[in-house]
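To start, the structure itself, in structure tokens.
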Amino acid sequence: MPPEDRYAAPLHYEPGRLIWSLDEPVRVGSMLWVFTDPHRGYEFAYNRWYERDHYFAGCMVGANTLAGSRWVAPAAHKLARLPDPSPMPFDRVDGSYACLYFILDGHHDDWLDWATPAMHELYATDRGFQHRTHYNTGVYRARWRAYRDPDPVPLELALDHRYPGMVALFVEPTGAQGAVDEWFDASLPAWIAGSTVAGVSTWTPTPLLDAKPDFVPVDPTASERVLHVHFVEGDPLATWDHHRELVRQLEASGVARVALAAPFVQTVMGTDRYVGDLWP
């Protein structure tokens with residue numbers, strides 16, 4: 001297909017069929033997920049350090065980094081998380097900031113080979129931040145994506161589109177992962193239609209390098225979960241019952257359980273908005 005035709009033609013989404021792959025020259029293949037808290041009393045310093053230094057020096061300057069975004073969970077969003085209690089290896093209300101970074105397809109390994117020593121170098125030159133806790137940090141490979149609209153914002157542009165809200169679902173299969181994919185293939189079109197959720201992407205965890213910094217935790221059960229990221233046109237709390245229903249339906253199916261469903265709003269870069277509202 002000539003380029004002008006490929007870009008002009010809308011992407012047709014057939015109900016009942018998830019969009020597993022796209023033939024595009026620029027394609028996201030991997031994602032870095034970072035989930036942290038500042039230590040109490042260091043909230044403002046952490047926010048400014050992260051977005052004015054580390055966001056760029058730790059990730060965005062790396063070759064083959066397509067895009068990045070920061071998300072925050074104020075107290076009300078933490079208290080809305082499901083389930084209660086959560087089987088994740090941290091408390092249900094831990095973790096205020098989630099960062100997503102997209103990596104160009106085909107460059108997963110060389111991006112990690114750059115990022116790991118780059119992190120060590122930053123800390124060695126006093127450009128780290130000791131007063132924070134990593135609860136859940138991981139690298140993931142893209143699995144599939146699905147959209148609400150026939151001509152959607154593609155996943156590759158989702159972070160730059162600046163959706164107001166995001167929901168992270170950590171989904172644990174009770175059996176084969178294929179059965180979970182089949183359930184979403186059958187159930188997601190009806191759930192997403194007419195909702196504020198514009199797109200869903202799913203991500204399979206892969207190991208961090210052994211040379212990672214010591215403060216980055218290793219979750220021994222991470223390989224048992226697939227991360228679903230929902231991009232929401234609004235504050236997810238305003239329509240949280242819709243996500244509650246998805247969780248209920250999935251767990252009633254018996255094919256999986258949700259280890260964590262967490263709503264976030266987009267940070268406002270260059271400001272301290274939400275920094276004073278983190279703690280329940």
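In the structure tokens, chains take letters A, B, ... by order of appearance, with residues numbered from 1 within each chain and ligands from 1 in the order shown.
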Taking only residues of region 156-187 of chain A that have an atom at most 9 Å from an atom of region 222-234 of chain A, what is each one's shortest atom pair and its distance in Å to one decimal, using only C-alpha atoms, in chain and number order, as a Markdown table?
| residue | atom | partner | partner_atom | distance |
| --- | --- | --- | --- | --- |
| A:Ala158 | CA | A:Phe231 | CA | 7.6 |
| A:Leu159 | CA | A:Phe231 | CA | 8.9 |
| A:Tyr163 | CA | A:Glu233 | CA | 5.8 |
| A:Pro164 | CA | A:Gly234 | CA | 5.1 |
| A:Gly165 | CA | A:Val232 | CA | 4.7 |
| A:Met166 | CA | A:Phe231 | CA | 4.7 |
| A:Val167 | CA | A:His230 | CA | 5.0 |
| A:Ala168 | CA | A:Val229 | CA | 4.9 |
| A:Leu169 | CA | A:His228 | CA | 4.9 |
| A:Phe170 | CA | A:Leu227 | CA | 4.7 |
| A:Val171 | CA | A:Arg225 | CA | 5.3 |
| A:Glu172 | CA | A:Arg225 | CA | 4.6 |
| A:Pro173 | CA | A:Arg225 | CA | 7.1 |
| A:Gln177 | CA | A:Val226 | CA | 8.8 |
I'd like the neighbourhood of region 244-247 of chain A as a PyMOL selection string, where a residue qualifies if any of its atoms comes within 8 Å (using only C-alpha atoms), though same-chain residues fewer than 2 positions away should be ignored.
chain A and resi 191+240-242+249-251+257-258
For the selection just defined, write its residues with N, CA, C and O atoms to a file, as a PDB file, in the first residue's frame.
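Result saved to again20.pdb:
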ATOM      1  N   TRP A 191     -17.681  -3.984  26.021  1.00  0.00           N
ATOM      2  CA  TRP A 191     -17.357  -3.181  27.205  1.00  0.00           C
ATOM      3  C   TRP A 191     -16.806  -1.813  26.820  1.00  0.00           C
ATOM      4  O   TRP A 191     -17.117  -0.799  27.447  1.00  0.00           O
ATOM      5  N   TRP A 240     -15.553   5.022  37.308  1.00  0.00           N
ATOM      6  CA  TRP A 240     -14.873   3.877  37.900  1.00  0.00           C
ATOM      7  C   TRP A 240     -15.760   2.639  37.976  1.00  0.00           C
ATOM      8  O   TRP A 240     -15.275   1.508  37.936  1.00  0.00           O
ATOM      9  N   ASP A 241     -17.057   2.819  38.074  1.00  0.00           N
ATOM     10  CA  ASP A 241     -17.962   1.668  38.096  1.00  0.00           C
ATOM     11  C   ASP A 241     -17.842   0.845  36.821  1.00  0.00           C
ATOM     12  O   ASP A 241     -18.071  -0.374  36.842  1.00  0.00           O
ATOM     13  N   HIS A 242     -17.488   1.493  35.723  1.00  0.00           N
ATOM     14  CA  HIS A 242     -17.328   0.765  34.464  1.00  0.00           C
ATOM     15  C   HIS A 242     -16.143  -0.196  34.562  1.00  0.00           C
ATOM     16  O   HIS A 242     -16.211  -1.340  34.082  1.00  0.00           O
ATOM     17  N   GLN A 249     -16.664  -9.059  35.710  1.00  0.00           N
ATOM     18  CA  GLN A 249     -16.905  -9.998  34.618  1.00  0.00           C
ATOM     19  C   GLN A 249     -15.715 -10.923  34.397  1.00  0.00           C
ATOM     20  O   GLN A 249     -15.892 -12.135  34.174  1.00  0.00           O
ATOM     21  N   LEU A 250     -14.511 -10.358  34.440  1.00  0.00           N
ATOM     22  CA  LEU A 250     -13.314 -11.168  34.215  1.00  0.00           C
ATOM     23  C   LEU A 250     -13.172 -12.224  35.296  1.00  0.00           C
ATOM     24  O   LEU A 250     -12.910 -13.400  35.005  1.00  0.00           O
ATOM     25  N   GLU A 251     -13.349 -11.836  36.540  1.00  0.00           N
ATOM     26  CA  GLU A 251     -13.171 -12.806  37.620  1.00  0.00           C
ATOM     27  C   GLU A 251     -14.310 -13.824  37.633  1.00  0.00           C
ATOM     28  O   GLU A 251     -14.094 -14.986  37.967  1.00  0.00           O
ATOM     29  N   ARG A 257      -7.762 -13.478  37.377  1.00  0.00           N
ATOM     30  CA  ARG A 257      -8.138 -12.543  38.428  1.00  0.00           C
ATOM     31  C   ARG A 257      -7.338 -11.271  38.239  1.00  0.00           C
ATOM     32  O   ARG A 257      -6.256 -11.270  37.623  1.00  0.00           O
ATOM     33  N   VAL A 258      -7.849 -10.177  38.765  1.00  0.00           N
ATOM     34  CA  VAL A 258      -7.155  -8.895  38.704  1.00  0.00           C
ATOM     35  C   VAL A 258      -6.400  -8.709  40.005  1.00  0.00           C
ATOM     36  O   VAL A 258      -6.993  -8.659  41.088  1.00  0.00           O
TER      37      VAL A 258
END
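Comparing the minimum interatomic distances between Ala186 (chain A) and each of A:Ala146, A:Phe44, A:Glu121, A:Pro89, counting only C-alpha atoms, we find that A:Ala146 sits nearest.
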If we count only C-alpha atoms and set the cut-off at 9 Å, which residues sit around region 125-138 of chain A, ignoring sequence neighbours fewer than 5 positions away in its own chain? Please answer as a VMD selection string.
chain A and resid 31 to 40 42 46 49 to 50 53 to 54 89 to 90 94 to 95 119 to 120 205 to 208 215 to 219 222
Quick one: DSSP helix (DSSP H, G or I) residues in region 77-184 of chain A, as a PyMOL selection string?
chain A and resi 77-79+108-124+155-161+177-184
Got a sec: who's within 10 Å of Gly276 (chain A), counting only C-alpha atoms, leaving out chain neighbours fewer than 6 positions off, as an MDAnalysis selection string?
chainID A and resid 43:44 74:75
Run DSSP on the backbone of this structure and report the residues of region 69-179 of chain A it assigns to strand (DSSP E), as a PyMOL selection string.
chain A and resi 69-72+97-104+132-147+165-173
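Residues in contact with region 112-114 of chain A at 9 Å, where only C-alpha atoms are counted and same-chain residues fewer than 5 positions away are skipped, are listed as Gly62, Ala63, His107, Met119, Val139, Leu208 and Leu209 of chain A.
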Point-to-point distance in Å for CA of Arg141 (chain A) and CA of Asp105 (chain A)
9.0 Å
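Using only C-alpha atoms, the nearest neighbour of Ser96 (chain A) within the list A:Ala142, A:Ala262, A:Asp272, A:Ala118 is A:Ala262.
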If we count only C-alpha atoms, what is near Leu237 (chain A) at a cut-off of 8 Å, once residues fewer than 4 positions away on the same chain are taken out, given as a PDB file with C-alpha atoms, in the first residue's frame?
ATOM      1  CA  HIS A  77      -7.479   7.366  43.355  1.00  0.00           C
ATOM      2  CA  ALA A  80     -10.417   3.339  44.773  1.00  0.00           C
ATOM      3  CA  PRO A 263      -6.644   4.673  38.213  1.00  0.00           C
TER       4      PRO A 263
END
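Across the model, the gap from CA of Ala259 (chain A) to CA of Pro85 (chain A) is 9.2 Å.
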Hey, can you check how far CA of Trp144 (chain A) sits from CA of Met88 (chain A)?
23.3 Å
